[in-house]
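Enquirer: Pasting a structure below so you can have a look.
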Amino acid sequence: MNENILEVKDLKVYFPIKGQLIPKTVGHVKAVDGVDFNIGYGETLGLVGESGCGKSTTGRAILRLLKVNSGSVLFEGKDVLKLSKNQLKETRKNMQLIFQDPYASLNPRMTIGDAIEEVLLVHNFGTKLQRKERTEELVQLVDLSKTYLTRYPHEFSGGQRQRIVIARALAVEPKLLICDEPVSALDVSIQSQIINLLENLQKELGIAYLFIAHDLSVVKHISKRIAVMYLGKIVEVADSEELFRNALHPYTQALLSAIPVIDPDIRKERIILEGDMQDNIELPKGCRFNNRCMYAMECCYSEEPKTIDVGEGHTVDCHLYK
Ligand code: SF4
């Protein structure tokens with residue numbers, strides 16, 4: 001059996017830009033521009049990068065929630081991008097998405113019980129009684145009381161709502177959860193509770209996660225491996241511990257330097273990134289990070305760096321290591 005549940009190869013998602021006067025495509029926003037990664041069964045891969053780098057678009061493209069230009073998304077060996085409508089519906093049972101904003105994910109006019117049962121109905125799950133039992137089981141799986149099932153979303157805190165969204169996502173026993181900034185909208189104290197819940201569910205149910213976030217410190221606790229994304233590309237992938245110990249890409253080093261250290265005896269020099277991420281319409285020549293990199297050399301302005309394998313699954317796209 002293939003050890004990877006998901007293999008993403010050279011994925012490209014370009015959004016067309018229409019002209020203001022003539023409705024003709026005048027260019028493309030290259031939101032995802034050649035992304036490769038894989039996730040093992042029951043594994044968590046963290047995907048980090050700043051806002052606008054293409055990480056959420058990558059998550060949606062995997063589920064075919066938006067149009068993909070090229071590449072492949074192999075889920076258990078089958079290319080999701082080539083599935084028929086019915087095959088896609090069947091495969092989506094195994095790949096569910098959790099959004100950042102739990103309130104927006106729930107219909108305010110539906111009770112929690114109905115919201116969870118709705119997913120079961122869409123996937124033709126059992127009889128009315130079996131759906132009721134499954135709904136009760138699910139709400140308890142995310143550490144909520146089954147007495148909550150008759151209540152509405154506004155009666156819950158942000159953390160509780162995210163638990164309900166997770167229960168909905170688990171309804172049809174997915175093998176992969178794409179968690180798109182699932183804790184970013186929550187208070188710090190609640191963030192760790194949701195991360196612990198996701199970790200416990202993974203141990204219990206063996207689900208794999210693609211955990212998307214902009215904060216490396218959040219991703220570290222849950223991820224076995226971390227992929228760092230910049231301007232539509234993955235620039236570094238490593239085991240979580242290795243990345244924190246030995247980050248190679250200057251962008252990853254800058255992200256790590258921004259994480260506050262609680263111990264006053266540990267002094268850490270913060271790397272301040274000058275300027276903004278370049279736009280992804282006219283991509284820069286050479287390395288995409290060249291306008292912000294303190295190590296940029298002549299070749300960085302003419303040649304796009306290739307992925308270099310430095311061993312033990314650690315890869316980096318940077319001319320410093322060629
Ligand atoms: Fe910096 Fe050059 Fe490496 Fe890009 S390739 S990160 S510009 S050193």
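Identifiers for the structure tokens are assigned positionally: chains receive A, B, ... in sequence, residues are indexed from 1 per chain, and ligands are indexed from 1 in the order shown.
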Determine, for each residue of chain A having at least one atom at most 10 Å from an atom of ligand 1, the closest pair of atoms and their separation in Å to one decimal, counting only C-alpha atoms and all ligand atoms; order by chain and ascending number, as JSON lines.
Expert:
```
{"residue": "A:Val235", "atom": "CA", "partner": "ligand 1", "partner_atom_place_in_ligand_line": "6 (S)", "distance": 8.5}
{"residue": "A:Leu248", "atom": "CA", "partner": "ligand 1", "partner_atom_place_in_ligand_line": "3 (Fe)", "distance": 9.1}
{"residue": "A:His249", "atom": "CA", "partner": "ligand 1", "partner_atom_place_in_ligand_line": "6 (S)", "distance": 5.9}
{"residue": "A:Pro250", "atom": "CA", "partner": "ligand 1", "partner_atom_place_in_ligand_line": "6 (S)", "distance": 5.3}
{"residue": "A:Tyr251", "atom": "CA", "partner": "ligand 1", "partner_atom_place_in_ligand_line": "6 (S)", "distance": 6.7}
{"residue": "A:Thr252", "atom": "CA", "partner": "ligand 1", "partner_atom_place_in_ligand_line": "6 (S)", "distance": 9.4}
{"residue": "A:Gly286", "atom": "CA", "partner": "ligand 1", "partner_atom_place_in_ligand_line": "5 (S)", "distance": 7.7}
{"residue": "A:Cys287", "atom": "CA", "partner": "ligand 1", "partner_atom_place_in_ligand_line": "4 (Fe)", "distance": 4.6}
{"residue": "A:Arg288", "atom": "CA", "partner": "ligand 1", "partner_atom_place_in_ligand_line": "4 (Fe)", "distance": 6.6}
{"residue": "A:Phe289", "atom": "CA", "partner": "ligand 1", "partner_atom_place_in_ligand_line": "4 (Fe)", "distance": 5.0}
{"residue": "A:Asn290", "atom": "CA", "partner": "ligand 1", "partner_atom_place_in_ligand_line": "7 (S)", "distance": 3.7}
{"residue": "A:Asn291", "atom": "CA", "partner": "ligand 1", "partner_atom_place_in_ligand_line": "7 (S)", "distance": 7.2}
{"residue": "A:Arg292", "atom": "CA", "partner": "ligand 1", "partner_atom_place_in_ligand_line": "7 (S)", "distance": 7.5}
{"residue": "A:Cys293", "atom": "CA", "partner": "ligand 1", "partner_atom_place_in_ligand_line": "1 (Fe)", "distance": 4.6}
{"residue": "A:Met294", "atom": "CA", "partner": "ligand 1", "partner_atom_place_in_ligand_line": "1 (Fe)", "distance": 6.7}
{"residue": "A:Tyr295", "atom": "CA", "partner": "ligand 1", "partner_atom_place_in_ligand_line": "8 (S)", "distance": 4.7}
{"residue": "A:Ala296", "atom": "CA", "partner": "ligand 1", "partner_atom_place_in_ligand_line": "7 (S)", "distance": 4.0}
{"residue": "A:Met297", "atom": "CA", "partner": "ligand 1", "partner_atom_place_in_ligand_line": "2 (Fe)", "distance": 5.8}
{"residue": "A:Glu298", "atom": "CA", "partner": "ligand 1", "partner_atom_place_in_ligand_line": "2 (Fe)", "distance": 8.2}
{"residue": "A:Cys299", "atom": "CA", "partner": "ligand 1", "partner_atom_place_in_ligand_line": "2 (Fe)", "distance": 7.2}
{"residue": "A:Cys300", "atom": "CA", "partner": "ligand 1", "partner_atom_place_in_ligand_line": "2 (Fe)", "distance": 4.4}
{"residue": "A:Tyr301", "atom": "CA", "partner": "ligand 1", "partner_atom_place_in_ligand_line": "7 (S)", "distance": 7.4}
{"residue": "A:Ser302", "atom": "CA", "partner": "ligand 1", "partner_atom_place_in_ligand_line": "2 (Fe)", "distance": 9.9}
{"residue": "A:Glu303", "atom": "CA", "partner": "ligand 1", "partner_atom_place_in_ligand_line": "5 (S)", "distance": 8.3}
{"residue": "A:Glu304", "atom": "CA", "partner": "ligand 1", "partner_atom_place_in_ligand_line": "5 (S)", "distance": 7.3}
{"residue": "A:Pro305", "atom": "CA", "partner": "ligand 1", "partner_atom_place_in_ligand_line": "5 (S)", "distance": 5.6}
{"residue": "A:Lys306", "atom": "CA", "partner": "ligand 1", "partner_atom_place_in_ligand_line": "5 (S)", "distance": 8.9}
{"residue": "A:Val316", "atom": "CA", "partner": "ligand 1", "partner_atom_place_in_ligand_line": "3 (Fe)", "distance": 9.0}
{"residue": "A:Asp317", "atom": "CA", "partner": "ligand 1", "partner_atom_place_in_ligand_line": "5 (S)", "distance": 6.8}
{"residue": "A:Cys318", "atom": "CA", "partner": "ligand 1", "partner_atom_place_in_ligand_line": "3 (Fe)", "distance": 3.7}
{"residue": "A:His319", "atom": "CA", "partner": "ligand 1", "partner_atom_place_in_ligand_line": "5 (S)", "distance": 4.2}
{"residue": "A:Leu320", "atom": "CA", "partner": "ligand 1", "partner_atom_place_in_ligand_line": "8 (S)", "distance": 5.3}
{"residue": "A:Tyr321", "atom": "CA", "partner": "ligand 1", "partner_atom_place_in_ligand_line": "3 (Fe)", "distance": 8.0}
{"residue": "A:Lys322", "atom": "CA", "partner": "ligand 1", "partner_atom_place_in_ligand_line": "5 (S)", "distance": 9.5}
```
Enquirer: Write the residues of the preceding selection, restricted to N, CA and C atoms, as a short mmCIF file (atom, residue, chain, number, x, y, z; two decimals), in the first residue's frame.
Expert:
```
data_model
loop_
_atom_site.label_atom_id
_atom_site.label_comp_id
_atom_site.auth_asym_id
_atom_site.auth_seq_id
_atom_site.Cartn_x
_atom_site.Cartn_y
_atom_site.Cartn_z
N VAL A 235 8.94 26.67 -0.18
CA VAL A 235 10.38 26.98 -0.22
C VAL A 235 11.21 26.12 0.73
N LEU A 248 16.77 26.54 7.11
CA LEU A 248 17.77 26.91 6.12
C LEU A 248 17.35 28.10 5.26
N HIS A 249 16.09 28.14 4.88
CA HIS A 249 15.67 29.22 3.98
C HIS A 249 15.61 30.55 4.75
N PRO A 250 16.15 31.63 4.17
CA PRO A 250 16.12 32.92 4.88
C PRO A 250 14.70 33.35 5.27
N TYR A 251 13.70 32.97 4.49
CA TYR A 251 12.32 33.34 4.85
C TYR A 251 11.87 32.58 6.10
N THR A 252 12.17 31.27 6.16
CA THR A 252 11.82 30.48 7.35
C THR A 252 12.55 31.04 8.57
N GLY A 286 14.14 35.17 -11.24
CA GLY A 286 15.02 34.55 -10.24
C GLY A 286 14.23 34.09 -9.04
N CYS A 287 14.78 34.31 -7.86
CA CYS A 287 14.12 33.86 -6.62
C CYS A 287 12.99 34.82 -6.25
N ARG A 288 11.85 34.25 -5.82
CA ARG A 288 10.68 35.08 -5.48
C ARG A 288 10.90 35.91 -4.21
N PHE A 289 11.92 35.55 -3.46
CA PHE A 289 12.16 36.23 -2.18
C PHE A 289 13.27 37.28 -2.32
N ASN A 290 13.78 37.47 -3.54
CA ASN A 290 15.00 38.28 -3.69
C ASN A 290 14.89 39.74 -3.22
N ASN A 291 13.69 40.31 -3.26
CA ASN A 291 13.58 41.73 -2.84
C ASN A 291 13.60 41.91 -1.32
N ARG A 292 13.51 40.79 -0.58
CA ARG A 292 13.46 40.91 0.89
C ARG A 292 14.60 40.14 1.56
N CYS A 293 15.44 39.51 0.75
CA CYS A 293 16.43 38.59 1.33
C CYS A 293 17.76 39.30 1.58
N MET A 294 18.27 39.19 2.79
CA MET A 294 19.54 39.85 3.12
C MET A 294 20.75 39.12 2.53
N TYR A 295 20.52 37.90 2.03
CA TYR A 295 21.65 37.14 1.45
C TYR A 295 21.61 37.13 -0.07
N ALA A 296 20.73 37.91 -0.68
CA ALA A 296 20.56 37.81 -2.14
C ALA A 296 21.88 38.05 -2.88
N MET A 297 22.15 37.17 -3.84
CA MET A 297 23.38 37.25 -4.64
C MET A 297 22.96 37.51 -6.09
N GLU A 298 23.97 37.67 -6.95
CA GLU A 298 23.66 37.99 -8.34
C GLU A 298 22.72 36.95 -8.97
N CYS A 299 23.04 35.67 -8.74
CA CYS A 299 22.23 34.61 -9.38
C CYS A 299 20.78 34.62 -8.90
N CYS A 300 20.54 35.21 -7.72
CA CYS A 300 19.18 35.23 -7.17
C CYS A 300 18.24 36.10 -8.00
N TYR A 301 18.82 36.98 -8.84
CA TYR A 301 17.99 37.87 -9.65
C TYR A 301 17.78 37.34 -11.07
N SER A 302 18.42 36.22 -11.39
CA SER A 302 18.28 35.72 -12.76
C SER A 302 17.80 34.26 -12.82
N GLU A 303 18.09 33.50 -11.77
CA GLU A 303 17.84 32.06 -11.83
C GLU A 303 16.91 31.64 -10.68
N GLU A 304 15.84 30.98 -11.01
CA GLU A 304 14.93 30.50 -9.95
C GLU A 304 15.58 29.31 -9.24
N PRO A 305 15.67 29.33 -7.91
CA PRO A 305 16.33 28.21 -7.23
C PRO A 305 15.54 26.90 -7.37
N LYS A 306 16.28 25.81 -7.49
CA LYS A 306 15.64 24.48 -7.57
C LYS A 306 15.55 23.91 -6.17
N VAL A 316 15.04 22.44 0.54
CA VAL A 316 15.02 23.91 0.54
C VAL A 316 15.22 24.42 -0.88
N ASP A 317 14.53 25.50 -1.22
CA ASP A 317 14.69 26.13 -2.53
C ASP A 317 15.48 27.42 -2.32
N CYS A 318 16.80 27.33 -2.39
CA CYS A 318 17.62 28.52 -2.16
C CYS A 318 19.00 28.29 -2.75
N HIS A 319 19.54 29.31 -3.44
CA HIS A 319 20.86 29.18 -4.06
C HIS A 319 22.00 29.06 -3.04
N LEU A 320 21.75 29.42 -1.79
CA LEU A 320 22.81 29.32 -0.78
C LEU A 320 23.26 27.87 -0.57
N TYR A 321 22.43 26.91 -0.94
CA TYR A 321 22.72 25.51 -0.62
C TYR A 321 23.02 24.66 -1.85
N LYS A 322 23.24 25.30 -3.00
CA LYS A 322 23.44 24.47 -4.19
C LYS A 322 24.89 24.00 -4.29
#
```
Enquirer: Considering only C-alpha atoms, return as a PyMOL selection string whatever protein or nucleic-acid residues lie within 10 Å of range 200-211 of chain A, sequence-local ones (same chain, fewer than 5 positions apart) excluded.
Expert: chain A and resi 4-6+38-48+55+59+94-98+141-142+166+170+173-182+194-195+218-219+222-223+226
Enquirer: Any chance you could list, as a PyMOL selection string, the residues in range 36-278 of chain A that come up strand (DSSP E) when DSSP is run on the backbone?
Expert: chain A and resi 36-40+44-48+70-75+78-79+95-98+176-180+208-213+225-230+233-239
Enquirer: So which one's closest to Gly54 in chain A, A:Asp33, A:Asp279, A:Glu241, A:Glu118? Using only C-alpha atoms, please.
Expert: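 Result for the nearest residue to Gly54 in chain A: A:Asp33.
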Enquirer: For Thr111 in chain A, work out the shell of residues within 12 Å, counting only C-alpha atoms and skipping chain neighbours fewer than 3 positions away, then give it as a PyMOL selection string.
Expert: chain A and resi 106-108+114-118+135+147-156+161+164
Enquirer: Smallest atom-to-atom distance to Ala254 in chain A: which of A:Leu273, A:Val188, A:Leu197, A:Ala238, using only C-alpha atoms?
Expert: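 The answer is A:Leu273, which sits nearest to Ala254 in chain A.
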Enquirer: Using only C-alpha atoms, which residues sit within 9 Å of Ile281 in chain A once same-chain residues fewer than 2 positions away are excluded, as a PDB file with all heavy atoms, in the first residue's frame?
Expert:
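out.pdb was written with the following content:
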```pdb
ATOM      1  N   GLY A  27      -4.304  39.030 -17.841  1.00  0.00           N
ATOM      2  CA  GLY A  27      -3.192  38.504 -17.051  1.00  0.00           C
ATOM      3  C   GLY A  27      -3.716  37.474 -16.062  1.00  0.00           C
ATOM      4  O   GLY A  27      -4.904  37.139 -16.084  1.00  0.00           O
ATOM      5  N   HIS A  28      -2.817  36.960 -15.218  1.00  0.00           N
ATOM      6  CA  HIS A  28      -3.223  35.963 -14.221  1.00  0.00           C
ATOM      7  C   HIS A  28      -2.567  36.237 -12.879  1.00  0.00           C
ATOM      8  O   HIS A  28      -1.409  36.646 -12.827  1.00  0.00           O
ATOM      9  CB  HIS A  28      -2.818  34.553 -14.681  1.00  0.00           C
ATOM     10  CG  HIS A  28      -3.668  34.031 -15.786  1.00  0.00           C
ATOM     11  ND1 HIS A  28      -3.328  34.176 -17.111  1.00  0.00           N
ATOM     12  CD2 HIS A  28      -4.862  33.385 -15.753  1.00  0.00           C
ATOM     13  CE1 HIS A  28      -4.279  33.617 -17.853  1.00  0.00           C
ATOM     14  NE2 HIS A  28      -5.210  33.136 -17.066  1.00  0.00           N
ATOM     15  N   VAL A  29      -3.343  35.996 -11.826  1.00  0.00           N
ATOM     16  CA  VAL A  29      -2.753  35.991 -10.488  1.00  0.00           C
ATOM     17  C   VAL A  29      -2.297  34.553 -10.257  1.00  0.00           C
ATOM     18  O   VAL A  29      -3.128  33.630 -10.243  1.00  0.00           O
ATOM     19  CB  VAL A  29      -3.801  36.392  -9.416  1.00  0.00           C
ATOM     20  CG1 VAL A  29      -3.218  36.241  -8.025  1.00  0.00           C
ATOM     21  CG2 VAL A  29      -4.287  37.805  -9.648  1.00  0.00           C
ATOM     22  N   LYS A  30      -0.992  34.379 -10.089  1.00  0.00           N
ATOM     23  CA  LYS A  30      -0.468  33.004  -9.926  1.00  0.00           C
ATOM     24  C   LYS A  30      -0.492  32.640  -8.438  1.00  0.00           C
ATOM     25  O   LYS A  30       0.527  32.696  -7.757  1.00  0.00           O
ATOM     26  CB  LYS A  30       0.926  32.926 -10.527  1.00  0.00           C
ATOM     27  CG  LYS A  30       0.860  33.118 -12.036  1.00  0.00           C
ATOM     28  CD  LYS A  30       2.215  33.193 -12.668  1.00  0.00           C
ATOM     29  CE  LYS A  30       2.027  33.348 -14.180  1.00  0.00           C
ATOM     30  NZ  LYS A  30       3.201  33.819 -14.865  1.00  0.00           N
ATOM     31  N   ALA A  31      -1.689  32.305  -7.963  1.00  0.00           N
ATOM     32  CA  ALA A  31      -1.879  32.082  -6.520  1.00  0.00           C
ATOM     33  C   ALA A  31      -1.106  30.857  -6.035  1.00  0.00           C
ATOM     34  O   ALA A  31      -0.506  30.863  -4.965  1.00  0.00           O
ATOM     35  CB  ALA A  31      -3.360  31.916  -6.226  1.00  0.00           C
ATOM     36  N   GLN A 278       6.218  40.340  -3.104  1.00  0.00           N
ATOM     37  CA  GLN A 278       5.974  40.906  -4.434  1.00  0.00           C
ATOM     38  C   GLN A 278       4.608  40.405  -4.909  1.00  0.00           C
ATOM     39  O   GLN A 278       4.078  39.444  -4.385  1.00  0.00           O
ATOM     40  CB  GLN A 278       7.068  40.442  -5.389  1.00  0.00           C
ATOM     41  CG  GLN A 278       8.444  40.688  -4.825  1.00  0.00           C
ATOM     42  CD  GLN A 278       9.511  40.780  -5.896  1.00  0.00           C
ATOM     43  OE1 GLN A 278       9.272  41.223  -6.988  1.00  0.00           O
ATOM     44  NE2 GLN A 278      10.708  40.367  -5.555  1.00  0.00           N
ATOM     45  N   ASP A 279       4.074  41.070  -5.954  1.00  0.00           N
ATOM     46  CA  ASP A 279       2.762  40.576  -6.368  1.00  0.00           C
ATOM     47  C   ASP A 279       2.931  39.336  -7.241  1.00  0.00           C
ATOM     48  O   ASP A 279       3.987  39.085  -7.813  1.00  0.00           O
ATOM     49  CB  ASP A 279       1.897  41.681  -6.999  1.00  0.00           C
ATOM     50  CG  ASP A 279       2.229  41.987  -8.425  1.00  0.00           C
ATOM     51  OD1 ASP A 279       2.521  41.041  -9.161  1.00  0.00           O
ATOM     52  OD2 ASP A 279       2.191  43.165  -8.810  1.00  0.00           O
ATOM     53  N   LEU A 283       5.571  37.791 -11.684  1.00  0.00           N
ATOM     54  CA  LEU A 283       6.495  37.205 -10.719  1.00  0.00           C
ATOM     55  C   LEU A 283       7.915  37.707 -10.984  1.00  0.00           C
ATOM     56  O   LEU A 283       8.305  37.910 -12.133  1.00  0.00           O
ATOM     57  CB  LEU A 283       6.457  35.680 -10.821  1.00  0.00           C
ATOM     58  CG  LEU A 283       5.218  35.028 -10.221  1.00  0.00           C
ATOM     59  CD1 LEU A 283       5.173  33.555 -10.556  1.00  0.00           C
ATOM     60  CD2 LEU A 283       5.177  35.219  -8.714  1.00  0.00           C
TER      61      LEU A 283
END
```
Enquirer: Calculated over only C-alpha atoms, which of the candidates A:Val26, A:Leu83, A:Val35, A:Val13 has the smallest distance to Val228 in chain A?
Expert: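 Smallest separation from Val228 in chain A among the options: A:Val35.
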Enquirer: Enter the distance from CA of Phe99 in chain A to CA of Glu242 in chain A, in Å, rounded to one decimal.
Expert: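 CA of Glu242 in chain A lies at a distance of 28.3 Å from CA of Phe99 in chain A.
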Enquirer: Quick check for you: according to DSSP on this backbone, which residues of range 44-253 of chain A are classed as alpha helix (DSSP H)? Reply as an MDAnalysis selection string.
Expert: chainID A and resid 55:62 85:92 112:122 128:141 158:170 188:205 216:222 240:245 250:253
Enquirer: When you draw a straight line from CA of Ser56 in chain A to CA of Val139 in chain A, how long is it in Å?
Expert: 26.8 Å
Enquirer: So that I can see what lies close to Glu50 in chain A, please list as a ChimeraX atom specification the residues with an atom at most 10 Å from it, counting only C-alpha atoms and leaving out residues fewer than 4 positions away in the same chain.
Expert: /A:54-55,213-215,228-231,255,277
Enquirer: Please, what distance in Å, to one decimal, runs between CA of Lys12 in chain A and CA of Ile212 in chain A?
Expert: 17.8 Å
